[in-house]
Amino acid sequence: MSVKEILKDKPDSVLSIDEDKSVLEATKMMVDAKVGSIIVTFQGSLAGIFTERDLMRVVAKHPDKLDQVKLKEVMTSQLTVASLNDEIDDILKTMVAKRFRHIPVMDGDKILGLVSIGDAIKTKLSKTQEEMHILREYMYGPH
């Protein structure tokens, strides 16, 4: 099971924002989209990611300056990325080991999507249930 299977069930567009925008602007976009992270770009290319955890750090340090703090100052810029052919089990292991919940999916310099740990678990669970159903039918016949 590859990352490609996760992305096929997600919208084609990737929520993103320029690194010179404020934390407040990013937070509003995330709230409106009901997501926990947003891709941060510089001249259209991946520069980092801004997550709920990053937001908590900013709120703790600068609670009254969310409209002034720029994303490039607080985003996570050291990223682990996935490709379409990466196995779901492998990215889940990486996410758990490195303690993050969102991973950008790239094809060279092109941003293809963003996968959350929830997306990965949902896809893995769905495939496992399909396999169990097939095995039951094989063993016991159709019900």
# chains A, B, ... in the order shown; residues from 1 in each chain; ligands from 1

call {"tool": "select_by_dssp", "arguments": {"residues": "chain A", "states": "alpha helix (DSSP H)", "output": "number ranges by chain"}}
result
A: 3-7, 23-33, 52-61, 71-74, 88-98, 117-140

call {"tool": "residues_around", "arguments": {"residues": "A:Val58", "least_positions_apart": "5", "cutoff": "12 Å", "atoms": "only C-alpha atoms", "output": "short mmCIF file (atom, residue, chain, number, x, y, z; two decimals) with C-alpha atoms, in the first residue's frame"}}
result
data_model
loop_
_atom_site.label_atom_id
_atom_site.label_comp_id
_atom_site.auth_asym_id
_atom_site.auth_seq_id
_atom_site.Cartn_x
_atom_site.Cartn_y
_atom_site.Cartn_z
CA SER A 22 1.62 36.11 9.48
CA VAL A 23 0.87 33.35 11.94
CA LEU A 24 -2.62 34.81 12.32
CA THR A 27 -4.21 30.08 11.57
CA PHE A 50 3.19 25.27 9.98
CA THR A 51 1.27 23.04 12.39
CA GLU A 52 -0.87 23.32 15.49
CA ARG A 53 2.23 22.54 17.55
CA PRO A 63 0.45 35.80 22.54
CA ASP A 64 -0.31 39.35 21.46
CA LYS A 65 1.71 39.39 18.22
CA LEU A 66 0.18 36.63 16.08
CA ASP A 67 -0.53 39.18 13.37
CA GLN A 68 3.11 40.34 13.37
CA VAL A 69 5.11 37.11 13.60
CA LYS A 70 5.97 35.83 10.12
CA LEU A 71 5.68 32.16 9.28
CA GLU A 73 10.33 32.82 11.69
CA VAL A 74 8.39 29.96 13.31
CA MET A 75 7.59 27.28 10.73
#

call {"tool": "atom_distance", "arguments": {"atom1": "atom CA of A:Lys127", "atom2": "atom CA of A:Ile88"}}
result
11.0 Å

call {"tool": "closest_residue", "arguments": {"among": "A:Ala60, A:Glu5, A:Asp109, A:Ile117", "to": "A:Val96", "atoms": "only C-alpha atoms"}}
result
A:Ile117

call {"tool": "residues_around", "arguments": {"residues": "A:Lys72", "least_positions_apart": "4", "cutoff": "12 Å", "atoms": "only C-alpha atoms", "output": "list in words"}}
result
Ile17, Asp18, Glu19, Asp20, Lys21, Ser22, Val23, Ala26, Ile39, Val40, Thr41, Phe42, Leu46, Ala47, Gly48, Ile49, Phe50, Asp54, Gln68, Thr76 and Ser77 of chain A

call {"tool": "residues_around", "arguments": {"residues": "A:Ala82", "least_positions_apart": "3", "cutoff": "7 Å", "atoms": "only C-alpha atoms", "output": "short mmCIF file (atom, residue, chain, number, x, y, z; two decimals) with all heavy atoms, in the first residue's frame"}}
result
data_model
loop_
_atom_site.label_atom_id
_atom_site.label_comp_id
_atom_site.auth_asym_id
_atom_site.auth_seq_id
_atom_site.Cartn_x
_atom_site.Cartn_y
_atom_site.Cartn_z
N ASP A 86 6.20 5.64 -1.68
CA ASP A 86 6.54 5.23 -0.32
C ASP A 86 5.39 4.39 0.25
O ASP A 86 4.21 4.67 0.01
CB ASP A 86 6.77 6.43 0.58
CG ASP A 86 8.10 7.12 0.30
OD1 ASP A 86 8.95 6.53 -0.38
OD2 ASP A 86 8.28 8.26 0.78
N ILE A 103 3.01 14.95 6.79
CA ILE A 103 4.17 14.78 5.92
C ILE A 103 3.81 15.23 4.50
O ILE A 103 2.83 14.76 3.92
CB ILE A 103 4.68 13.32 5.96
CG1 ILE A 103 6.01 13.17 5.23
CG2 ILE A 103 3.64 12.36 5.44
CD1 ILE A 103 6.71 11.84 5.50
N PRO A 104 4.59 16.17 3.97
CA PRO A 104 4.36 16.59 2.58
C PRO A 104 4.75 15.47 1.62
O PRO A 104 5.70 14.73 1.86
CB PRO A 104 5.30 17.79 2.40
CG PRO A 104 5.70 18.21 3.78
CD PRO A 104 5.62 16.98 4.62
N VAL A 105 3.99 15.35 0.54
CA VAL A 105 4.28 14.38 -0.50
C VAL A 105 4.81 15.16 -1.70
O VAL A 105 4.15 16.08 -2.18
CB VAL A 105 3.03 13.56 -0.89
CG1 VAL A 105 3.37 12.55 -1.98
CG2 VAL A 105 2.44 12.88 0.34
N MET A 106 5.99 14.77 -2.15
CA MET A 106 6.68 15.52 -3.20
C MET A 106 6.98 14.62 -4.39
O MET A 106 7.17 13.42 -4.25
CB MET A 106 8.00 16.08 -2.66
CG MET A 106 7.89 16.96 -1.43
SD MET A 106 7.10 18.54 -1.74
CE MET A 106 8.32 19.33 -2.77
#
